[in-house]
Amino acid sequence: MKRFFTILFFSLFTVVFINAQCSIDYSYFPVGANYGLYPDTLPDGVVGQPYNQDLTFYLPLDTVSAGVFVEFTDFHITSISLPLGLSWECNNSANACHYDPLVSQYGCVNVSGTPLVAGNYDVNVNLVATHSLSALVGTESISFSLPMTIINDTSTSNNAGFAMTNSSGCAPITVSFTNNNTGMLSYFWDFGNGNTSTMQDPVDQIYSQAGQYIVQYSAIQSNPSYFLESIEVFSGTCTDNFLIGDVDLLYDITTSSGVVQSVSPSNAITQAFPLMINLSNPLQLTGQDVTIEVWDDDGWISGLEYCGGVTFTPPQQAGTFSANGGGLSINYTIMEIPANTVITADTINIYGYPSTPVLVYDTLNNLIYTSSDSTAMQWYYYNSPIPGATDTFVEPTASGLYSLVVVNENGCVTTSLEVLIVICDTSYQPMLDDNGSTAWMLDSALYSNLQWFSVSTGIINGANHSFFPATENGEYYIVATDTFGCSYSSATVYLSPFVSSEGIVISEIVKVGPNPIENGFPLNIYIDAPALSPVIFVLIDFYGREVIRKIVHYRSYPYQFEANELSKLSNGVYYLDISFDDNKIRKKIVKLGAN
């Protein structure tokens, strides 16, 4: 049956989360795939940003398991694990988050806080369901997980060269890089962690140790450009004399593409070698040949005298170079225009963690405390945050595992080891009920080990169920032991076994048996003295609903409920009201063995 209830609750109550002031959406009713919760998905959270989400849930009243009708009487939310920085509280916190669906099928919960650590989480929800058979078979422990994602802050660090996402945090972190200058000729990245790259879009980088990391970036847009800037002709084959006069030089500088620069006879330069020529429009060099030819204008007597010509191939390199040939000797100068380069740097900050807190349990004052000091603290009980427990100490209220999470000023988190706290409630006593021949423990579902004792003979071997049918007269009690070893003893109850009609000793007006009843057996009712009026039998279930009513003639003694009538009943506790003459007697009946 536990498997059935787990499946049922997962489909009807997929998640529960909480803050005391949550609001119930009474317009919500589960249909289709809503699964009893609205909204049926927890939104993502963002590190460092406030989170606040209300959820309305709708509880089932009953169900049928293996043909047995089961009615729910209480749903108890015991714990919810959440990402660090978030806490929960139910709208019924004054009643310890117990919900009776017979009173109201609606409730709400709230998750609030500021998430501190990114990741994909399984939020574990733990509940206890109490139902109409819990007195016999115990409550149902229900657990299920709900995924929740906390994402990193999406803010980026940006500069002229590149942008970074997740550029600071607690080690280890993964940093993504975005190139702000796509389509350049070449790139170089130095990530500061020992890795480099020449890719336009580098892969993510992992930073595992605390510290500062300088990321250096350079991007080259193009290769350097080279230009022929000037030519100095320092000698040629032409000469002048006193008849002709001064030297009048003119020149042509050409490439295969045409004339680069020239001086005509009308603009001849009156000077002797060396001749310095500065190009008014420097020639960009691409590996082409350059030719320079020089003449001397001797006037009307001799015309143009050829001084010589030389063809050379300037290198793509800055500097001054020489060339000779064809009667000319020259020096030429090449200048460099550097490539367009973007050079930037940025910093990645990786933070360390606080020291692991050491927990100490003060049994005298019932306090768990730590000497650790951090910016923020949160105490947990079974991985579920304890609302409001954010100091250096906490007072445990129940047995179980407690832990502490501490956060430093950089948001880095350390969790303590769990400490087991055992709290035995000396004032508690198990609650018993009985019908004279059989006793049962009403709150047995809370305990992992049960043992019945006889006051006169001690431990009763094999009597370790929640109910005990007496086989002999005497006083009995039960000892209940929880999972932490705390044992509790009930008050004693006097029981006497039920006997058949042949051996029955009339010690009261009415005897009913056998009790408990099982399928295949009738229920006999014996009355001390024959009734003078019809006897009315009304069988009422645990919730006060009438399930069988019979009016029997007073001469039909002894009275009986047939086995086929009883086999239709579900397991559980019933009350039998017997009315005759001026008497009205109520007997408690236990039904076992339903199919």
# chains A, B, ... in the order shown; residues from 1 in each chain; ligands from 1
$ residues_around --residues "stretch 49-57 of chain A" --least-positions-apart "4" --cutoff "8 Å" --atoms "only C-alpha atoms" --output "list in words"
Phe13, Val16, Phe17, Ile18, Asn19, Cys22, Ser23, Ile24, Asp25, Tyr28, Gly36, Leu37, Tyr38, Pro39, Leu42, Gly45, Leu86, Tyr106, Gly107, Cys108, Val109, Asn110, Val111, Ser112, Gly113, Thr114 and Pro115 of chain A
$ select_by_dssp --residues "stretch 149-343 of chain A" --states "helix (DSSP H, G or I)" --output "list in words"
Pro265, Ser266, Asn267, Gly299, Trp300, Ile301 and Ser302 of chain A
$ residues_around --residues "A:Leu450" --least-positions-apart "2" --cutoff "8 Å" --atoms "only C-alpha atoms" --output "list in words"
Ser444, Tyr447, Ser448, Trp452, Asn464, His465, Ser466, Ile478, Val479, Ala480 and Thr481 of chain A
$ write_last_selection --atoms "N, CA and C atoms" --output "PDB file, in the first residue's frame"
ATOM      1  N   SER A 444       0.589   4.622  16.748  1.00  0.00           N
ATOM      2  CA  SER A 444       1.669   3.662  16.520  1.00  0.00           C
ATOM      3  C   SER A 444       2.494   3.982  15.281  1.00  0.00           C
ATOM      4  N   TYR A 447       6.319   5.153  15.299  1.00  0.00           N
ATOM      5  CA  TYR A 447       7.370   4.372  15.950  1.00  0.00           C
ATOM      6  C   TYR A 447       7.744   3.155  15.131  1.00  0.00           C
ATOM      7  N   SER A 448       9.052   2.866  15.152  1.00  0.00           N
ATOM      8  CA  SER A 448       9.576   1.779  14.333  1.00  0.00           C
ATOM      9  C   SER A 448       9.530   0.438  15.038  1.00  0.00           C
ATOM     10  N   TRP A 452       4.458  -5.442  23.224  1.00  0.00           N
ATOM     11  CA  TRP A 452       3.461  -5.545  24.289  1.00  0.00           C
ATOM     12  C   TRP A 452       4.039  -6.310  25.478  1.00  0.00           C
ATOM     13  N   ASN A 464       4.233  -7.681  18.683  1.00  0.00           N
ATOM     14  CA  ASN A 464       4.910  -6.438  18.292  1.00  0.00           C
ATOM     15  C   ASN A 464       4.140  -5.682  17.227  1.00  0.00           C
ATOM     16  N   HIS A 465       2.801  -5.858  17.218  1.00  0.00           N
ATOM     17  CA  HIS A 465       1.939  -5.097  16.330  1.00  0.00           C
ATOM     18  C   HIS A 465       1.280  -3.963  17.113  1.00  0.00           C
ATOM     19  N   SER A 466       0.563  -3.107  16.380  1.00  0.00           N
ATOM     20  CA  SER A 466      -0.072  -1.968  17.040  1.00  0.00           C
ATOM     21  C   SER A 466      -1.284  -2.393  17.875  1.00  0.00           C
ATOM     22  N   ILE A 478       2.033  -1.264  26.385  1.00  0.00           N
ATOM     23  CA  ILE A 478       2.903  -1.325  25.201  1.00  0.00           C
ATOM     24  C   ILE A 478       4.084  -0.394  25.394  1.00  0.00           C
ATOM     25  N   VAL A 479       5.244  -0.793  24.870  1.00  0.00           N
ATOM     26  CA  VAL A 479       6.440   0.049  24.845  1.00  0.00           C
ATOM     27  C   VAL A 479       6.751   0.353  23.379  1.00  0.00           C
ATOM     28  N   ALA A 480       6.775   1.631  23.040  1.00  0.00           N
ATOM     29  CA  ALA A 480       7.062   2.072  21.671  1.00  0.00           C
ATOM     30  C   ALA A 480       8.464   2.682  21.633  1.00  0.00           C
ATOM     31  N   THR A 481       9.274   2.258  20.665  1.00  0.00           N
ATOM     32  CA  THR A 481      10.645   2.746  20.521  1.00  0.00           C
ATOM     33  C   THR A 481      10.797   3.379  19.145  1.00  0.00           C
TER      34      THR A 481
END
$ atom_distance --atom1 "atom CA of A:Gln261" --atom2 "atom CA of A:Asn281"
8.4 Å
$ closest_residue --among "A:Glu293, A:Asp434, A:Asp443, A:Glu229" --to "A:Asp252" --atoms "only C-alpha atoms"
A:Glu293
$ closest_residue --among "A:Gly161, A:Gly326, A:Gly352, A:Pro497" --to "A:Gln212" --atoms "only C-alpha atoms"
A:Gly352
$ select_by_dssp --residues "stretch 175-311 of chain A" --states "strand (DSSP E)" --output "VMD selection string"
chain A and resid 175 to 179 186 to 190 196 to 197 205 to 207 211 to 220 225 to 235 248 to 255 258 to 262 269 to 270 275 to 284 290 to 297 304 to 311
$ write_last_selection --atoms "C-alpha atoms" --output "PDB file, in the first residue's frame"
ATOM      1  CA  VAL A 175      33.956  31.746 -17.832  1.00  0.00           C
ATOM      2  CA  SER A 176      32.574  32.349 -21.330  1.00  0.00           C
ATOM      3  CA  PHE A 177      34.212  34.842 -23.706  1.00  0.00           C
ATOM      4  CA  THR A 178      32.636  36.867 -26.535  1.00  0.00           C
ATOM      5  CA  ASN A 179      34.870  38.493 -29.170  1.00  0.00           C
ATOM      6  CA  SER A 186      44.414  37.248 -36.419  1.00  0.00           C
ATOM      7  CA  TYR A 187      43.837  36.923 -32.655  1.00  0.00           C
ATOM      8  CA  PHE A 188      45.719  36.050 -29.527  1.00  0.00           C
ATOM      9  CA  TRP A 189      44.216  35.279 -26.111  1.00  0.00           C
ATOM     10  CA  ASP A 190      46.065  34.717 -22.836  1.00  0.00           C
ATOM     11  CA  THR A 196      46.201  30.588 -24.659  1.00  0.00           C
ATOM     12  CA  SER A 197      44.253  30.604 -27.929  1.00  0.00           C
ATOM     13  CA  GLN A 205      37.786  28.480 -19.503  1.00  0.00           C
ATOM     14  CA  ILE A 206      37.728  26.848 -16.053  1.00  0.00           C
ATOM     15  CA  TYR A 207      39.316  28.596 -13.066  1.00  0.00           C
ATOM     16  CA  GLY A 211      42.879  34.467  -7.001  1.00  0.00           C
ATOM     17  CA  GLN A 212      42.922  37.165  -9.666  1.00  0.00           C
ATOM     18  CA  TYR A 213      43.484  36.224 -13.302  1.00  0.00           C
ATOM     19  CA  ILE A 214      44.413  38.812 -15.991  1.00  0.00           C
ATOM     20  CA  VAL A 215      42.996  38.028 -19.448  1.00  0.00           C
ATOM     21  CA  GLN A 216      45.017  39.630 -22.276  1.00  0.00           C
ATOM     22  CA  TYR A 217      43.606  40.031 -25.787  1.00  0.00           C
ATOM     23  CA  SER A 218      44.944  41.304 -29.101  1.00  0.00           C
ATOM     24  CA  ALA A 219      43.346  41.354 -32.549  1.00  0.00           C
ATOM     25  CA  ILE A 220      45.110  42.404 -35.754  1.00  0.00           C
ATOM     26  CA  SER A 225      51.504  48.330 -45.392  1.00  0.00           C
ATOM     27  CA  TYR A 226      54.755  49.506 -47.057  1.00  0.00           C
ATOM     28  CA  PHE A 227      55.221  52.595 -49.258  1.00  0.00           C
ATOM     29  CA  LEU A 228      58.058  53.869 -51.479  1.00  0.00           C
ATOM     30  CA  GLU A 229      58.621  57.276 -49.934  1.00  0.00           C
ATOM     31  CA  SER A 230      61.688  58.770 -51.713  1.00  0.00           C
ATOM     32  CA  ILE A 231      64.517  58.106 -54.210  1.00  0.00           C
ATOM     33  CA  GLU A 232      67.970  59.718 -54.086  1.00  0.00           C
ATOM     34  CA  VAL A 233      69.892  59.623 -57.374  1.00  0.00           C
ATOM     35  CA  PHE A 234      73.470  60.218 -56.341  1.00  0.00           C
ATOM     36  CA  SER A 235      75.198  59.641 -59.745  1.00  0.00           C
ATOM     37  CA  ASP A 248      68.977  70.697 -65.681  1.00  0.00           C
ATOM     38  CA  LEU A 249      67.603  67.313 -64.545  1.00  0.00           C
ATOM     39  CA  LEU A 250      64.254  65.735 -65.304  1.00  0.00           C
ATOM     40  CA  TYR A 251      62.988  62.192 -64.564  1.00  0.00           C
ATOM     41  CA  ASP A 252      60.230  59.578 -64.914  1.00  0.00           C
ATOM     42  CA  ILE A 253      59.304  57.056 -62.208  1.00  0.00           C
ATOM     43  CA  THR A 254      57.074  54.322 -63.612  1.00  0.00           C
ATOM     44  CA  THR A 255      55.624  50.869 -62.911  1.00  0.00           C
ATOM     45  CA  GLY A 258      51.917  53.673 -65.441  1.00  0.00           C
ATOM     46  CA  VAL A 259      53.711  56.841 -64.345  1.00  0.00           C
ATOM     47  CA  VAL A 260      54.126  57.282 -60.624  1.00  0.00           C
ATOM     48  CA  GLN A 261      55.768  60.710 -60.719  1.00  0.00           C
ATOM     49  CA  SER A 262      57.716  62.745 -63.363  1.00  0.00           C
ATOM     50  CA  ILE A 269      65.565  70.819 -61.793  1.00  0.00           C
ATOM     51  CA  THR A 270      68.643  72.917 -62.014  1.00  0.00           C
ATOM     52  CA  LEU A 275      69.090  64.477 -56.886  1.00  0.00           C
ATOM     53  CA  MET A 276      66.583  63.925 -54.003  1.00  0.00           C
ATOM     54  CA  ILE A 277      63.094  62.962 -55.159  1.00  0.00           C
ATOM     55  CA  ASN A 278      60.259  62.859 -52.563  1.00  0.00           C
ATOM     56  CA  LEU A 279      57.124  61.155 -53.846  1.00  0.00           C
ATOM     57  CA  SER A 280      54.152  63.411 -53.376  1.00  0.00           C
ATOM     58  CA  ASN A 281      51.958  60.293 -53.273  1.00  0.00           C
ATOM     59  CA  PRO A 282      54.034  57.451 -51.820  1.00  0.00           C
ATOM     60  CA  LEU A 283      53.722  54.266 -53.851  1.00  0.00           C
ATOM     61  CA  GLN A 284      52.178  51.320 -51.955  1.00  0.00           C
ATOM     62  CA  VAL A 290      59.820  50.252 -60.223  1.00  0.00           C
ATOM     63  CA  THR A 291      61.816  52.046 -62.979  1.00  0.00           C
ATOM     64  CA  ILE A 292      63.478  55.463 -62.713  1.00  0.00           C
ATOM     65  CA  GLU A 293      64.999  57.230 -65.715  1.00  0.00           C
ATOM     66  CA  VAL A 294      66.889  60.583 -65.573  1.00  0.00           C
ATOM     67  CA  TRP A 295      67.753  63.106 -68.324  1.00  0.00           C
ATOM     68  CA  ASP A 296      69.753  66.304 -68.474  1.00  0.00           C
ATOM     69  CA  ASP A 297      68.300  69.105 -70.577  1.00  0.00           C
ATOM     70  CA  LEU A 304      68.041  65.965 -73.789  1.00  0.00           C
ATOM     71  CA  GLU A 305      71.039  63.999 -72.601  1.00  0.00           C
ATOM     72  CA  TYR A 306      70.210  60.547 -71.160  1.00  0.00           C
ATOM     73  CA  CYS A 307      71.751  60.137 -67.713  1.00  0.00           C
ATOM     74  CA  GLY A 308      70.644  56.503 -67.249  1.00  0.00           C
ATOM     75  CA  GLY A 309      67.849  54.316 -65.956  1.00  0.00           C
ATOM     76  CA  VAL A 310      67.531  51.500 -63.397  1.00  0.00           C
ATOM     77  CA  THR A 311      64.706  49.045 -62.606  1.00  0.00           C
TER      78      THR A 311
END
$ residues_around --residues "A:Thr397" --least-positions-apart "5" --cutoff "10 Å" --atoms "only C-alpha atoms" --output "list in words"
Asn366, Leu367, Tyr381, Ile421, Val422 and Ile423 of chain A
$ residues_around --residues "A:Leu185" --least-positions-apart "6" --cutoff "12 Å" --atoms "only C-alpha atoms" --output "ChimeraX atom specification"
/A:198-200,218-224,339-342
$ atom_distance --atom1 "atom CA of A:Val247" --atom2 "atom CA of A:Ser322"
23.4 Å
$ closest_residue --among "A:Cys90, A:Met335, A:Ala163, A:Ile77" --to "A:Thr347" --atoms "only C-alpha atoms"
A:Ala163
$ atom_distance --atom1 "atom CA of A:Tyr494" --atom2 "atom CA of A:Ile589"
16.9 Å
$ decode --residues "stretch 543-588 of chain A" --atoms "C-alpha atoms" --output "PDB file, in the first residue's frame"
ATOM      1  CA  TYR A 543     -16.084   9.274  10.792  1.00  0.00           C
ATOM      2  CA  GLY A 544     -19.569   8.846  12.215  1.00  0.00           C
ATOM      3  CA  ARG A 545     -21.203   7.581   9.017  1.00  0.00           C
ATOM      4  CA  GLU A 546     -23.816   4.857   9.330  1.00  0.00           C
ATOM      5  CA  VAL A 547     -22.784   1.780   7.317  1.00  0.00           C
ATOM      6  CA  ILE A 548     -25.202  -0.930   8.587  1.00  0.00           C
ATOM      7  CA  ARG A 549     -28.557  -0.647  10.388  1.00  0.00           C
ATOM      8  CA  LYS A 550     -30.558  -3.661  11.562  1.00  0.00           C
ATOM      9  CA  ILE A 551     -33.754  -3.990  13.595  1.00  0.00           C
ATOM     10  CA  VAL A 552     -34.024  -7.490  15.074  1.00  0.00           C
ATOM     11  CA  HIS A 553     -37.027  -9.058  16.860  1.00  0.00           C
ATOM     12  CA  TYR A 554     -36.342  -9.543  20.538  1.00  0.00           C
ATOM     13  CA  ARG A 555     -37.011 -13.294  20.177  1.00  0.00           C
ATOM     14  CA  SER A 556     -34.151 -13.728  17.669  1.00  0.00           C
ATOM     15  CA  TYR A 557     -31.625 -14.076  20.491  1.00  0.00           C
ATOM     16  CA  PRO A 558     -28.605 -14.492  20.190  1.00  0.00           C
ATOM     17  CA  TYR A 559     -28.125 -11.759  17.631  1.00  0.00           C
ATOM     18  CA  GLN A 560     -25.663 -11.923  14.778  1.00  0.00           C
ATOM     19  CA  PHE A 561     -24.152  -9.955  11.867  1.00  0.00           C
ATOM     20  CA  GLU A 562     -23.617 -12.414   9.018  1.00  0.00           C
ATOM     21  CA  ALA A 563     -20.135 -12.950   7.587  1.00  0.00           C
ATOM     22  CA  ASN A 564     -21.195 -11.775   4.111  1.00  0.00           C
ATOM     23  CA  GLU A 565     -22.339  -8.451   5.587  1.00  0.00           C
ATOM     24  CA  LEU A 566     -19.043  -7.884   7.346  1.00  0.00           C
ATOM     25  CA  SER A 567     -16.846  -8.878   4.401  1.00  0.00           C
ATOM     26  CA  LYS A 568     -17.971  -5.734   2.551  1.00  0.00           C
ATOM     27  CA  LEU A 569     -16.437  -3.499   5.216  1.00  0.00           C
ATOM     28  CA  SER A 570     -13.031  -1.905   4.872  1.00  0.00           C
ATOM     29  CA  ASN A 571     -10.385  -2.479   7.513  1.00  0.00           C
ATOM     30  CA  GLY A 572     -10.600   0.008  10.333  1.00  0.00           C
ATOM     31  CA  VAL A 573     -12.301   1.025  13.552  1.00  0.00           C
ATOM     32  CA  TYR A 574     -16.110   1.000  13.875  1.00  0.00           C
ATOM     33  CA  TYR A 575     -18.641   1.695  16.613  1.00  0.00           C
ATOM     34  CA  LEU A 576     -21.642  -0.571  17.210  1.00  0.00           C
ATOM     35  CA  ASP A 577     -24.629   1.155  18.858  1.00  0.00           C
ATOM     36  CA  ILE A 578     -27.058  -1.325  20.442  1.00  0.00           C
ATOM     37  CA  SER A 579     -30.463  -0.001  21.524  1.00  0.00           C
ATOM     38  CA  PHE A 580     -33.182  -2.035  23.277  1.00  0.00           C
ATOM     39  CA  ASP A 581     -35.753  -1.316  25.948  1.00  0.00           C
ATOM     40  CA  ASP A 582     -34.303   1.709  27.752  1.00  0.00           C
ATOM     41  CA  ASN A 583     -30.670   0.761  27.089  1.00  0.00           C
ATOM     42  CA  LYS A 584     -28.230   2.217  24.586  1.00  0.00           C
ATOM     43  CA  ILE A 585     -24.777   0.680  24.587  1.00  0.00           C
ATOM     44  CA  ARG A 586     -21.814   1.476  22.322  1.00  0.00           C
ATOM     45  CA  LYS A 587     -19.069  -1.082  21.552  1.00  0.00           C
ATOM     46  CA  LYS A 588     -15.871  -0.440  19.626  1.00  0.00           C
TER      47      LYS A 588
END
